[in-house]
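Trainee: Here it is: the structure, laid out below.
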Amino acid sequence: MVTFGDNYSVETNSKVLEFDRKLAIEEAPWIVEVVPAIRSILIRVDPLSVEMEKVEPLLLELLSKPFPDKARDQGRKFEIPVCYEGKFGPDLEYVATKSRLTKEKLKELHCSCNLRVACLGFAPGLTYLAQLPKEFKIPRKESYNTTALPGSILVANRQTVFTATEIPTGWSIIGQSPVIGFRVDRSPHFLLQPGDEIRFYPISEEEFSNFNPAQMWDTYGIA
Amino acid sequence: MASLEILELLGPVTIQDKGRIGYQRFGVPRGGAMDHYALAEGQVLLGNDLETAALEFQFGGGTFVSHGTMTLATSGGQMEILLGQKPLPWRSTFTIYPNQVLQIRKTQSGIYSYLHLPGGIDSSIILGSRSTHIASGLGDVPKVGYHLTPLSENLFRQEGLTLPTPEYFDIKTLRIVYGPHSELFSDSDRKNLALKQFRMSSSRNRMGARIKPIDWEISALAGKTLVSDPIVAGDIQVAADGTTAILLAESQPTGGYPRIASVITSDLPKVAQMQPGTEFKFQLVSNREAQIEFRKTFSRIKDLSHSLKSLVRDPFQMQDLLHYNFISGVTKGEDNDGY
């Protein structure tokens, strides 16, 4: 594992993704799998095809190589619809109270941010988005007993999470999107990737039920 | 089409192969067989591809009825097995005939056991693997009424084949290497980790196994909240309240708790099969030693077919018969003793 900093920052996360792309371009046969995260990257090597003591120097050498221009700026931009109303945003009121904003203002603020896909983790297609303004600095709930449906928008500690499968959570659920970022019947299976930029926009309950996510997959689904 | 129908399940049962490789970056746990060595043993017994899928039992067991004739194999933690009324040896191959009932129960050693079909199990492949991952709804979930279908059309394999019981079921030392979080822990914690005894708890599943230090506590790094880092199977995680666990095949892809060290890949089958209450120790090794062990395990698996033995020896295959003295006297043919 290689770490680039202690916490999330755009610079740190960009270094992770830059290294990820370098590794992808390199296609070293001794690398089995690469897992970029928020501030670190895991490089799983094949112990049959490389000597362990050579791994670190090989990675350092790769790291110091100049970054190829063609790999730059691959972050795509997405506009994702979210319904914050009624059953879709059960914790909206709670978060609004905590952040001392009206529900309307909170929605507006959540939709005004350009969020960056920092990494995917925890569950298939679950996307960690950074970073929300300080109004969203609210702690996780104590119990983990709430179920978040696929497409849920969760918030805690200035982060927002966009789920793609049903998960148990201690985060606050403020909305739900008709777009689900993981589909078994599509290739690639995952709509979003680290480095992508997301902006949410509010939709009504009626628009939620009429939304056809297939279009978004057709437009963006090819990496 | 031949199949094995599930009539009853007595504990958690899943379909497992090598797991989902290359999808951890998308948040998908790797999963796969908890005991990859046992998975390979069963496939070698049937002459299958090493990484094809088998049925994995976690304690418990199940009852099955056969629709067709096919050769099956068992591996992993030893269980009681009855074909009709007939008890069979574990870690061996046998042929089941139409309408015969197979009962597998009562784990005798280890925790995870496997039932193998000719060519493996033909179930749905999602993200490159047949592994069942219940939490995220990936892969087929074996239930009562589910038909396990063999992947190969060649349903007959050599029956009565067996492999020797591997020794890792009795080994109480787990080898570890330091990882990226090790230095966050105090010198004394790291020293104790490789010095003192631990006990395997009963709180465990495919995601991880909780362990308890005997007569000491690892100081949880209270206040030290890490940003989520990728997890690998074998990581020894210390949660904020001090709870210590070895993360296993189905662990989350990323996690925010620090990990003091990692159990080496070659020793993961030992962790998988270690029964609750077992006392064990960790032994610190270098990355180089871990690599040598990995290569040894790899060649042991590759050479497994050389260890195959027949349960009943076929007289035509017995070279040493030529040396036996069968006639040690003369008989008039009137003494019918033994007939």
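Here, A, B, ... name the chains of the structure tokens in the order displayed, residue numbers run from 1 inside each chain, and ligands are numbered from 1 in the same displayed order.
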Show me, as an mmCIF file with N, CA and C atoms, in the first residue's frame, the residues that have an atom within 12 Å of Leu221 of chain B when counting only C-alpha atoms, minus same-chain residues fewer than 3 positions from it.
Mentor:
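What follows is the written file selection.cif:
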```cif
data_model
loop_
_atom_site.group_PDB
_atom_site.id
_atom_site.type_symbol
_atom_site.label_atom_id
_atom_site.label_comp_id
_atom_site.auth_asym_id
_atom_site.auth_seq_id
_atom_site.Cartn_x
_atom_site.Cartn_y
_atom_site.Cartn_z
ATOM 1 N N HIS B 181 -0.002 0.044 8.755
ATOM 2 C CA HIS B 181 -0.460 0.689 9.990
ATOM 3 C C HIS B 181 0.316 0.228 11.225
ATOM 4 N N SER B 182 1.202 -0.745 11.063
ATOM 5 C CA SER B 182 1.845 -1.361 12.233
ATOM 6 C C SER B 182 2.528 -0.338 13.125
ATOM 7 N N GLU B 183 3.151 0.651 12.504
ATOM 8 C CA GLU B 183 3.931 1.614 13.293
ATOM 9 C C GLU B 183 3.077 2.591 14.082
ATOM 10 N N LEU B 184 1.768 2.581 13.838
ATOM 11 C CA LEU B 184 0.876 3.420 14.638
ATOM 12 C C LEU B 184 0.725 2.849 16.043
ATOM 13 N N PHE B 185 1.029 1.552 16.193
ATOM 14 C CA PHE B 185 0.875 0.879 17.492
ATOM 15 C C PHE B 185 2.172 1.010 18.296
ATOM 16 N N SER B 186 2.027 0.883 19.616
ATOM 17 C CA SER B 186 3.197 1.038 20.489
ATOM 18 C C SER B 186 4.140 -0.152 20.317
ATOM 19 N N ASP B 189 2.901 -3.158 22.281
ATOM 20 C CA ASP B 189 1.807 -3.880 21.619
ATOM 21 C C ASP B 189 2.345 -4.786 20.517
ATOM 22 N N GLU B 217 -4.164 -6.598 26.831
ATOM 23 C CA GLU B 217 -5.061 -5.879 25.932
ATOM 24 C C GLU B 217 -4.216 -5.101 24.932
ATOM 25 N N ILE B 218 -4.608 -5.114 23.688
ATOM 26 C CA ILE B 218 -3.969 -4.210 22.728
ATOM 27 C C ILE B 218 -4.580 -2.838 22.973
ATOM 28 N N LYS B 224 -7.620 8.117 17.249
ATOM 29 C CA LYS B 224 -6.913 8.011 15.975
ATOM 30 C C LYS B 224 -7.869 7.430 14.938
ATOM 31 N N THR B 225 -8.623 8.277 14.296
ATOM 32 C CA THR B 225 -9.501 7.762 13.257
ATOM 33 C C THR B 225 -8.780 7.885 11.925
ATOM 34 N N LEU B 226 -8.650 6.772 11.278
ATOM 35 C CA LEU B 226 -7.960 6.764 9.995
ATOM 36 C C LEU B 226 -8.953 6.997 8.876
ATOM 37 N N GLN B 237 -7.226 -6.359 12.540
ATOM 38 C CA GLN B 237 -7.785 -5.032 12.769
ATOM 39 C C GLN B 237 -8.077 -4.805 14.256
ATOM 40 N N VAL B 238 -7.719 -3.626 14.748
ATOM 41 C CA VAL B 238 -8.035 -3.263 16.130
ATOM 42 C C VAL B 238 -9.021 -2.096 16.087
ATOM 43 N N ALA B 239 -10.281 -2.365 16.494
ATOM 44 C CA ALA B 239 -11.322 -1.339 16.427
ATOM 45 C C ALA B 239 -11.148 -0.333 17.563
ATOM 46 N N ALA B 240 -11.941 0.750 17.512
ATOM 47 C CA ALA B 240 -11.809 1.837 18.480
ATOM 48 C C ALA B 240 -12.012 1.362 19.922
ATOM 49 N N ASP B 241 -12.816 0.315 20.116
ATOM 50 C CA ASP B 241 -13.039 -0.189 21.476
ATOM 51 C C ASP B 241 -12.076 -1.334 21.827
ATOM 52 N N GLY B 242 -11.069 -1.547 20.998
ATOM 53 C CA GLY B 242 -10.060 -2.565 21.283
ATOM 54 C C GLY B 242 -10.379 -3.938 20.710
ATOM 55 N N THR B 243 -11.602 -4.117 20.202
ATOM 56 C CA THR B 243 -11.984 -5.397 19.613
ATOM 57 C C THR B 243 -11.021 -5.745 18.472
ATOM 58 N N THR B 244 -10.443 -6.942 18.556
ATOM 59 C CA THR B 244 -9.444 -7.347 17.566
ATOM 60 C C THR B 244 -10.015 -8.471 16.702
ATOM 61 N N GLY B 256 -11.683 1.829 8.040
ATOM 62 C CA GLY B 256 -11.012 2.935 8.706
ATOM 63 C C GLY B 256 -10.326 2.574 10.015
ATOM 64 N N TYR B 257 -10.377 1.294 10.424
ATOM 65 C CA TYR B 257 -9.689 0.911 11.652
ATOM 66 C C TYR B 257 -8.260 0.478 11.337
ATOM 67 N N PRO B 258 -7.311 0.833 12.229
ATOM 68 C CA PRO B 258 -5.919 0.465 11.963
ATOM 69 C C PRO B 258 -5.684 -1.037 12.091
ATOM 70 N N ARG B 259 -4.742 -1.533 11.324
ATOM 71 C CA ARG B 259 -4.418 -2.961 11.333
ATOM 72 C C ARG B 259 -2.972 -3.138 11.779
ATOM 73 N N ILE B 260 -2.806 -3.890 12.850
ATOM 74 C CA ILE B 260 -1.497 -4.004 13.499
ATOM 75 C C ILE B 260 -0.526 -4.870 12.693
#
```
Trainee: Neighbouring residues of Gly76 of chain B were defined as those with any atom within 7 Å, considering only C-alpha atoms; residues of the same chain fewer than 6 positions away were excluded. Please report them as a PyMOL selection string.
Mentor: chain B and resi 38+112-114
Trainee: Can I get the selection written as a PDB file, in the first residue's frame, with C-alpha atoms?
Mentor:
```pdb
ATOM      1  CA  ALA B  38      -9.377 -27.312   0.642  1.00  0.00           C
ATOM      2  CA  TYR B 112     -15.411 -24.883   6.526  1.00  0.00           C
ATOM      3  CA  SER B 113     -16.117 -27.986   4.423  1.00  0.00           C
ATOM      4  CA  TYR B 114     -16.701 -28.436   0.698  1.00  0.00           C
TER       5      TYR B 114
END
```
Trainee: If we count only C-alpha atoms, which residues of chain B reach to within 8 Å of chain A? Please list them as a PyMOL selection string.
Mentor: chain B and resi 21-22+24-29+126-127+135-136+180+226-230+252-255+287-288+291+294-295
Trainee: Can you tell me, as a list in words, what residues are no more than 8 Å from Asp267 of chain B when counting only C-alpha atoms, ignoring any on the same chain fewer than 4 positions away?
Mentor: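 Returned residues: Leu174, Arg175, Val263 and Val271 of chain B.
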Trainee: Can you write out the residues you just picked, keeping N, CA and C atoms, as a PDB file, in the first residue's frame?
Mentor:
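Heads up, here's the output in part-v8.pdb:
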```
ATOM      1  N   LEU B 174       0.175 -18.805  13.744  1.00  0.00           N
ATOM      2  CA  LEU B 174      -0.151 -18.074  12.524  1.00  0.00           C
ATOM      3  C   LEU B 174       0.973 -17.094  12.232  1.00  0.00           C
ATOM      4  N   ARG B 175       1.512 -17.185  11.018  1.00  0.00           N
ATOM      5  CA  ARG B 175       2.620 -16.292  10.680  1.00  0.00           C
ATOM      6  C   ARG B 175       2.100 -14.949  10.172  1.00  0.00           C
ATOM      7  N   VAL B 263      -1.923 -11.643   8.646  1.00  0.00           N
ATOM      8  CA  VAL B 263      -1.604 -13.061   8.547  1.00  0.00           C
ATOM      9  C   VAL B 263      -1.224 -13.352   7.096  1.00  0.00           C
ATOM     10  N   VAL B 271      -6.497 -20.055   9.678  1.00  0.00           N
ATOM     11  CA  VAL B 271      -7.430 -19.153  10.362  1.00  0.00           C
ATOM     12  C   VAL B 271      -8.866 -19.600  10.078  1.00  0.00           C
TER      13      VAL B 271
END
```
Trainee: Give me, as a ChimeraX atom specification, all polymer residues having an atom no more than 7 Å from Leu191 of chain A, counting only C-alpha atoms and skipping those fewer than 3 positions away in the same chain.
Mentor: /A:181-182,217,220-221
Trainee: As number ranges by chain, please: the residues near Gly277 of chain B (cut-off 10 Å, only C-alpha atoms, same-chain neighbours under 5 positions excluded).
Mentor: B: 198-202, 211-212
Trainee: Mind checking DSSP for segment 119-330 of chain B and telling me the strand (DSSP E) residues as a JSON list (two decimals) with N, CA and C atoms, in the first residue's frame?
Mentor:
```json
[["chain", "number", "residue", "atom", "x", "y", "z"],
["B", 147, "HIS", "N", -31.17, -26.64, -7.31],
["B", 147, "HIS", "CA", -30.48, -27.76, -7.96],
["B", 147, "HIS", "C", -29.03, -27.39, -8.25],
["B", 148, "LEU", "N", -28.10, -28.13, -7.66],
["B", 148, "LEU", "CA", -26.69, -27.94, -7.98],
["B", 148, "LEU", "C", -26.41, -28.72, -9.25],
["B", 161, "LEU", "N", -11.18, -42.35, -4.53],
["B", 161, "LEU", "CA", -9.89, -41.67, -4.43],
["B", 161, "LEU", "C", -9.87, -40.84, -3.16],
["B", 162, "THR", "N", -8.70, -40.72, -2.55],
["B", 162, "THR", "CA", -8.61, -39.90, -1.35],
["B", 162, "THR", "C", -7.29, -39.14, -1.30],
["B", 173, "THR", "N", 0.07, -21.93, 15.22],
["B", 173, "THR", "CA", 0.87, -20.72, 15.02],
["B", 173, "THR", "C", 0.49, -20.08, 13.70],
["B", 174, "LEU", "N", 0.17, -18.81, 13.74],
["B", 174, "LEU", "CA", -0.15, -18.07, 12.52],
["B", 174, "LEU", "C", 0.97, -17.09, 12.23],
["B", 175, "ARG", "N", 1.51, -17.18, 11.02],
["B", 175, "ARG", "CA", 2.62, -16.29, 10.68],
["B", 175, "ARG", "C", 2.10, -14.95, 10.17],
["B", 176, "ILE", "N", 2.75, -13.87, 10.62],
["B", 176, "ILE", "CA", 2.28, -12.52, 10.26],
["B", 176, "ILE", "C", 3.42, -11.68, 9.69],
["B", 177, "VAL", "N", 3.04, -10.68, 8.93],
["B", 177, "VAL", "CA", 3.99, -9.65, 8.48],
["B", 177, "VAL", "C", 3.43, -8.30, 8.93],
["B", 197, "GLN", "N", -0.19, -15.33, 23.91],
["B", 197, "GLN", "CA", -1.23, -16.21, 23.37],
["B", 197, "GLN", "C", -2.52, -15.44, 23.04],
["B", 198, "PHE", "N", -3.24, -15.95, 22.05],
["B", 198, "PHE", "CA", -4.56, -15.43, 21.71],
["B", 198, "PHE", "C", -5.56, -16.57, 21.77],
["B", 199, "ARG", "N", -6.84, -16.21, 21.89],
["B", 199, "ARG", "CA", -7.88, -17.22, 21.80],
["B", 199, "ARG", "C", -8.84, -16.86, 20.68],
["B", 200, "MET", "N", -9.18, -17.87, 19.85],
["B", 200, "MET", "CA", -10.15, -17.68, 18.76],
["B", 200, "MET", "C", -11.54, -17.63, 19.38],
["B", 201, "SER", "N", -12.32, -16.60, 19.04],
["B", 201, "SER", "CA", -13.66, -16.50, 19.63],
["B", 201, "SER", "C", -14.68, -17.21, 18.74],
["B", 202, "SER", "N", -15.91, -17.29, 19.23],
["B", 202, "SER", "CA", -16.96, -17.95, 18.43],
["B", 202, "SER", "C", -17.64, -16.91, 17.54],
["B", 203, "SER", "N", -17.27, -15.65, 17.72],
["B", 203, "SER", "CA", -17.88, -14.59, 16.94],
["B", 203, "SER", "C", -17.11, -14.45, 15.63],
["B", 204, "ARG", "N", -17.62, -15.10, 14.60],
["B", 204, "ARG", "CA", -16.92, -15.09, 13.33],
["B", 204, "ARG", "C", -17.87, -15.42, 12.18],
["B", 208, "GLY", "N", -14.84, -12.05, 8.89],
["B", 208, "GLY", "CA", -13.72, -11.98, 9.82],
["B", 208, "GLY", "C", -13.94, -12.84, 11.04],
["B", 209, "ALA", "N", -12.85, -13.01, 11.81],
["B", 209, "ALA", "CA", -12.92, -13.82, 13.03],
["B", 209, "ALA", "C", -12.38, -12.98, 14.18],
["B", 210, "ARG", "N", -13.19, -12.84, 15.21],
["B", 210, "ARG", "CA", -12.75, -12.06, 16.36],
["B", 210, "ARG", "C", -11.77, -12.90, 17.18],
["B", 211, "ILE", "N", -10.70, -12.26, 17.65],
["B", 211, "ILE", "CA", -9.73, -12.97, 18.49],
["B", 211, "ILE", "C", -9.54, -12.18, 19.78],
["B", 212, "LYS", "N", -9.15, -12.89, 20.86],
["B", 212, "LYS", "CA", -8.95, -12.21, 22.14],
["B", 212, "LYS", "C", -7.55, -12.47, 22.66],
["B", 213, "PRO", "N", -6.81, -11.38, 22.96],
["B", 213, "PRO", "CA", -5.51, -11.58, 23.58],
["B", 213, "PRO", "C", -5.72, -12.18, 24.97],
["B", 229, "ASP", "N", -8.71, 2.89, 4.33],
["B", 229, "ASP", "CA", -7.69, 2.34, 3.44],
["B", 229, "ASP", "C", -8.16, 0.97, 2.94],
["B", 230, "PRO", "N", -7.65, 0.53, 1.79],
["B", 230, "PRO", "CA", -8.02, -0.80, 1.30],
["B", 230, "PRO", "C", -7.64, -1.90, 2.29],
["B", 235, "ASP", "N", -5.61, -9.21, 7.34],
["B", 235, "ASP", "CA", -5.35, -8.02, 8.16],
["B", 235, "ASP", "C", -5.89, -8.22, 9.58],
["B", 236, "ILE", "N", -5.08, -7.86, 10.58],
["B", 236, "ILE", "CA", -5.51, -7.95, 11.97],
["B", 236, "ILE", "C", -5.92, -6.55, 12.42],
["B", 237, "GLN", "N", -7.23, -6.36, 12.54],
["B", 237, "GLN", "CA", -7.78, -5.03, 12.77],
["B", 237, "GLN", "C", -8.08, -4.81, 14.26],
["B", 238, "VAL", "N", -7.72, -3.63, 14.75],
["B", 238, "VAL", "CA", -8.04, -3.26, 16.13],
["B", 238, "VAL", "C", -9.02, -2.10, 16.09],
["B", 244, "THR", "N", -10.44, -6.94, 18.56],
["B", 244, "THR", "CA", -9.44, -7.35, 17.57],
["B", 244, "THR", "C", -10.01, -8.47, 16.70],
["B", 245, "ALA", "N", -9.80, -8.38, 15.41],
["B", 245, "ALA", "CA", -10.33, -9.40, 14.50],
["B", 245, "ALA", "C", -9.38, -9.63, 13.34],
["B", 246, "ILE", "N", -9.33, -10.87, 12.88],
["B", 246, "ILE", "CA", -8.61, -11.16, 11.64],
["B", 246, "ILE", "C", -9.63, -11.07, 10.51],
["B", 247, "LEU", "N", -9.41, -10.16, 9.58],
["B", 247, "LEU", "CA", -10.35, -9.99, 8.48],
["B", 247, "LEU", "C", -10.14, -11.09, 7.45],
["B", 254, "THR", "N", -12.74, -1.71, 1.96],
["B", 254, "THR", "CA", -11.98, -0.63, 2.60],
["B", 254, "THR", "C", -12.44, -0.52, 4.04],
["B", 255, "GLY", "N", -11.59, 0.02, 4.90],
["B", 255, "GLY", "CA", -11.98, 0.18, 6.30],
["B", 255, "GLY", "C", -11.12, 1.22, 6.99],
["B", 259, "ARG", "N", -4.74, -1.53, 11.32],
["B", 259, "ARG", "CA", -4.42, -2.96, 11.33],
["B", 259, "ARG", "C", -2.97, -3.14, 11.78],
["B", 260, "ILE", "N", -2.81, -3.89, 12.85],
["B", 260, "ILE", "CA", -1.50, -4.00, 13.50],
["B", 260, "ILE", "C", -0.53, -4.87, 12.69],
["B", 261, "ALA", "N", -1.04, -5.86, 11.98],
["B", 261, "ALA", "CA", -0.23, -6.76, 11.15],
["B", 261, "ALA", "C", -1.17, -7.55, 10.25],
["B", 262, "SER", "N", -0.61, -8.44, 9.43],
["B", 262, "SER", "CA", -1.44, -9.28, 8.55],
["B", 262, "SER", "C", -0.98, -10.72, 8.57],
["B", 263, "VAL", "N", -1.92, -11.64, 8.65],
["B", 263, "VAL", "CA", -1.60, -13.06, 8.55],
["B", 263, "VAL", "C", -1.22, -13.35, 7.10],
["B", 279, "GLU", "N", -6.43, -21.89, 21.38],
["B", 279, "GLU", "CA", -5.40, -20.92, 21.75],
["B", 279, "GLU", "C", -4.27, -21.00, 20.72],
["B", 280, "PHE", "N", -3.80, -19.84, 20.31],
["B", 280, "PHE", "CA", -2.78, -19.81, 19.27],
["B", 280, "PHE", "C", -1.83, -18.64, 19.47],
["B", 281, "LYS", "N", -0.76, -18.65, 18.69],
["B", 281, "LYS", "CA", 0.23, -17.56, 18.74],
["B", 281, "LYS", "C", 0.47, -17.01, 17.35],
["B", 282, "PHE", "N", 0.93, -15.77, 17.31],
["B", 282, "PHE", "CA", 1.38, -15.20, 16.06],
["B", 282, "PHE", "C", 2.90, -15.28, 16.02],
["B", 283, "GLN", "N", 3.42, -15.49, 14.82],
["B", 283, "GLN", "CA", 4.88, -15.50, 14.65],
["B", 283, "GLN", "C", 5.23, -14.52, 13.54],
["B", 284, "LEU", "N", 6.08, -13.56, 13.88],
["B", 284, "LEU", "CA", 6.45, -12.52, 12.91],
["B", 284, "LEU", "C", 7.45, -13.08, 11.90],
["B", 309, "LYS", "N", -4.67, -41.17, -3.61],
["B", 309, "LYS", "CA", -4.55, -42.61, -3.30],
["B", 309, "LYS", "C", -5.93, -43.24, -3.44],
["B", 310, "SER", "N", -5.93, -44.55, -3.78],
["B", 310, "SER", "CA", -7.19, -45.28, -3.80],
["B", 310, "SER", "C", -7.51, -45.77, -2.40]]
```
Trainee: Enter the distance from atom CA of Gly68 of chain B to atom CA of Ser152 of chain B, in Å, rounded to one decimal.
Mentor: 13.4 Å
Trainee: Enumerate the residues of chain A with a DSSP assignment of helix (DSSP H, G or I), computed from the backbone, and present them as a ChimeraX atom specification.
Mentor: /A:10-26,52-64,69-71,86-88,92-99,103-111,134-136,205-210,214-220
Trainee: What is the distance between atom CA of Val65 of chain B and atom CA of Asp140 of chain B, in Å to one decimal?
Mentor: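 Those two atoms sit 19.0 Å apart.
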Trainee: Just to confirm, what's the straight-line distance from atom CA of Leu45 of chain B to atom CA of Leu115 of chain B in Å (one decimal)?
Mentor: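 So the answer is 11.1 Å.
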Trainee: Just the residues within 9 Å of segment 3-20 of chain B, please, counting only C-alpha atoms, with nothing from its chain fewer than 5 positions along; format it as a VMD selection string.
Mentor: chain B and resid 28 to 34 36 39 51 to 70 105 117 121 123 126 to 134 139 to 150 249
Trainee: For a quick check of understanding, using only C-alpha atoms, which of B:Ser92, B:Tyr178, B:Leu102, B:Leu138 has the smallest distance to Val312 of chain B?
Mentor: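 Closest to Val312 of chain B, using only C-alpha atoms: B:Ser92.
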Trainee: If we count only C-alpha atoms and set the cut-off at 12 Å, which residues sit around Leu149 of chain A, ignoring sequence neighbours fewer than 2 positions away in its own chain? Please answer as a PyMOL selection string.
Mentor: (chain A and resi 87-90+126+146-147+151-154+162-169+173-180) or (chain B and resi 136)
Trainee: Please produce a file of those selected residues containing N, CA and C atoms, as a PDB file, in the first residue's frame.
Mentor:
```
ATOM      1  N   LYS A  87     -40.541  10.071   1.909  1.00  0.00           N
ATOM      2  CA  LYS A  87     -39.856   8.823   2.272  1.00  0.00           C
ATOM      3  C   LYS A  87     -38.465   8.708   1.650  1.00  0.00           C
ATOM      4  N   PHE A  88     -38.196   9.521   0.619  1.00  0.00           N
ATOM      5  CA  PHE A  88     -36.889   9.440  -0.030  1.00  0.00           C
ATOM      6  C   PHE A  88     -35.781  10.079   0.819  1.00  0.00           C
ATOM      7  N   GLY A  89     -36.183  11.048   1.650  1.00  0.00           N
ATOM      8  CA  GLY A  89     -35.187  11.712   2.505  1.00  0.00           C
ATOM      9  C   GLY A  89     -35.590  11.712   3.971  1.00  0.00           C
ATOM     10  N   PRO A  90     -35.645  10.540   4.591  1.00  0.00           N
ATOM     11  CA  PRO A  90     -36.174  10.429   5.955  1.00  0.00           C
ATOM     12  C   PRO A  90     -35.399  11.245   7.004  1.00  0.00           C
ATOM     13  N   LEU A 126     -20.643   1.608  -4.161  1.00  0.00           N
ATOM     14  CA  LEU A 126     -20.852   2.699  -3.198  1.00  0.00           C
ATOM     15  C   LEU A 126     -19.783   3.763  -3.401  1.00  0.00           C
ATOM     16  N   THR A 146     -30.349   1.315  10.423  1.00  0.00           N
ATOM     17  CA  THR A 146     -31.161   1.804   9.315  1.00  0.00           C
ATOM     18  C   THR A 146     -30.701   1.131   8.018  1.00  0.00           C
ATOM     19  N   THR A 147     -31.661   0.823   7.152  1.00  0.00           N
ATOM     20  CA  THR A 147     -31.305   0.269   5.846  1.00  0.00           C
ATOM     21  C   THR A 147     -31.408   1.362   4.798  1.00  0.00           C
ATOM     22  N   GLY A 151     -29.194   3.667  -4.407  1.00  0.00           N
ATOM     23  CA  GLY A 151     -29.431   5.020  -4.903  1.00  0.00           C
ATOM     24  C   GLY A 151     -29.554   6.052  -3.788  1.00  0.00           C
ATOM     25  N   SER A 152     -29.396   5.627  -2.528  1.00  0.00           N
ATOM     26  CA  SER A 152     -29.543   6.555  -1.401  1.00  0.00           C
ATOM     27  C   SER A 152     -28.401   7.563  -1.343  1.00  0.00           C
ATOM     28  N   ILE A 153     -28.748   8.765  -0.869  1.00  0.00           N
ATOM     29  CA  ILE A 153     -27.758   9.819  -0.655  1.00  0.00           C
ATOM     30  C   ILE A 153     -27.608   9.985   0.856  1.00  0.00           C
ATOM     31  N   LEU A 154     -26.417   9.656   1.364  1.00  0.00           N
ATOM     32  CA  LEU A 154     -26.167   9.713   2.796  1.00  0.00           C
ATOM     33  C   LEU A 154     -25.183  10.837   3.088  1.00  0.00           C
ATOM     34  N   PHE A 162     -23.102   7.880  -2.032  1.00  0.00           N
ATOM     35  CA  PHE A 162     -24.145   7.549  -2.996  1.00  0.00           C
ATOM     36  C   PHE A 162     -24.127   6.023  -3.125  1.00  0.00           C
ATOM     37  N   THR A 163     -25.177   5.360  -2.628  1.00  0.00           N
ATOM     38  CA  THR A 163     -25.157   3.892  -2.584  1.00  0.00           C
ATOM     39  C   THR A 163     -25.651   3.280  -3.898  1.00  0.00           C
ATOM     40  N   ALA A 164     -25.253   2.029  -4.121  1.00  0.00           N
ATOM     41  CA  ALA A 164     -25.702   1.330  -5.334  1.00  0.00           C
ATOM     42  C   ALA A 164     -26.324  -0.016  -4.990  1.00  0.00           C
ATOM     43  N   THR A 165     -26.205  -0.420  -3.709  1.00  0.00           N
ATOM     44  CA  THR A 165     -26.866  -1.643  -3.244  1.00  0.00           C
ATOM     45  C   THR A 165     -27.511  -1.298  -1.903  1.00  0.00           C
ATOM     46  N   GLU A 166     -28.320  -2.219  -1.387  1.00  0.00           N
ATOM     47  CA  GLU A 166     -28.928  -1.988  -0.080  1.00  0.00           C
ATOM     48  C   GLU A 166     -27.870  -2.226   0.990  1.00  0.00           C
ATOM     49  N   ILE A 167     -27.709  -1.252   1.913  1.00  0.00           N
ATOM     50  CA  ILE A 167     -26.705  -1.430   2.969  1.00  0.00           C
ATOM     51  C   ILE A 167     -27.270  -0.982   4.322  1.00  0.00           C
ATOM     52  N   PRO A 168     -26.737  -1.557   5.418  1.00  0.00           N
ATOM     53  CA  PRO A 168     -27.057  -1.015   6.739  1.00  0.00           C
ATOM     54  C   PRO A 168     -26.206   0.228   6.948  1.00  0.00           C
ATOM     55  N   THR A 169     -26.737   1.249   7.582  1.00  0.00           N
ATOM     56  CA  THR A 169     -25.926   2.461   7.729  1.00  0.00           C
ATOM     57  C   THR A 169     -26.211   3.225   9.016  1.00  0.00           C
ATOM     58  N   ILE A 173     -29.816   9.630   5.968  1.00  0.00           N
ATOM     59  CA  ILE A 173     -30.307   9.492   4.590  1.00  0.00           C
ATOM     60  C   ILE A 173     -31.082  10.749   4.231  1.00  0.00           C
ATOM     61  N   ILE A 174     -30.561  11.557   3.309  1.00  0.00           N
ATOM     62  CA  ILE A 174     -31.253  12.811   2.985  1.00  0.00           C
ATOM     63  C   ILE A 174     -31.977  12.773   1.636  1.00  0.00           C
ATOM     64  N   GLY A 175     -31.747  11.742   0.861  1.00  0.00           N
ATOM     65  CA  GLY A 175     -32.432  11.678  -0.425  1.00  0.00           C
ATOM     66  C   GLY A 175     -32.162  10.359  -1.136  1.00  0.00           C
ATOM     67  N   GLN A 176     -32.811  10.208  -2.280  1.00  0.00           N
ATOM     68  CA  GLN A 176     -32.591   8.995  -3.072  1.00  0.00           C
ATOM     69  C   GLN A 176     -32.627   9.355  -4.550  1.00  0.00           C
ATOM     70  N   SER A 177     -31.745   8.707  -5.306  1.00  0.00           N
ATOM     71  CA  SER A 177     -31.689   8.959  -6.736  1.00  0.00           C
ATOM     72  C   SER A 177     -32.270   7.761  -7.484  1.00  0.00           C
ATOM     73  N   PRO A 178     -32.963   8.016  -8.593  1.00  0.00           N
ATOM     74  CA  PRO A 178     -33.426   6.892  -9.416  1.00  0.00           C
ATOM     75  C   PRO A 178     -32.267   6.245 -10.189  1.00  0.00           C
ATOM     76  N   VAL A 179     -31.098   6.864 -10.106  1.00  0.00           N
ATOM     77  CA  VAL A 179     -29.925   6.311 -10.800  1.00  0.00           C
ATOM     78  C   VAL A 179     -29.193   5.377  -9.839  1.00  0.00           C
ATOM     79  N   ILE A 180     -28.973   4.142 -10.274  1.00  0.00           N
ATOM     80  CA  ILE A 180     -28.231   3.177  -9.461  1.00  0.00           C
ATOM     81  C   ILE A 180     -26.910   2.918 -10.178  1.00  0.00           C
TER      82      ILE A 180
ATOM     83  N   SER B 136     -24.450  -8.369  -0.719  1.00  0.00           N
ATOM     84  CA  SER B 136     -24.661  -7.501  -1.883  1.00  0.00           C
ATOM     85  C   SER B 136     -25.427  -8.199  -2.995  1.00  0.00           C
TER      86      SER B 136
END
```
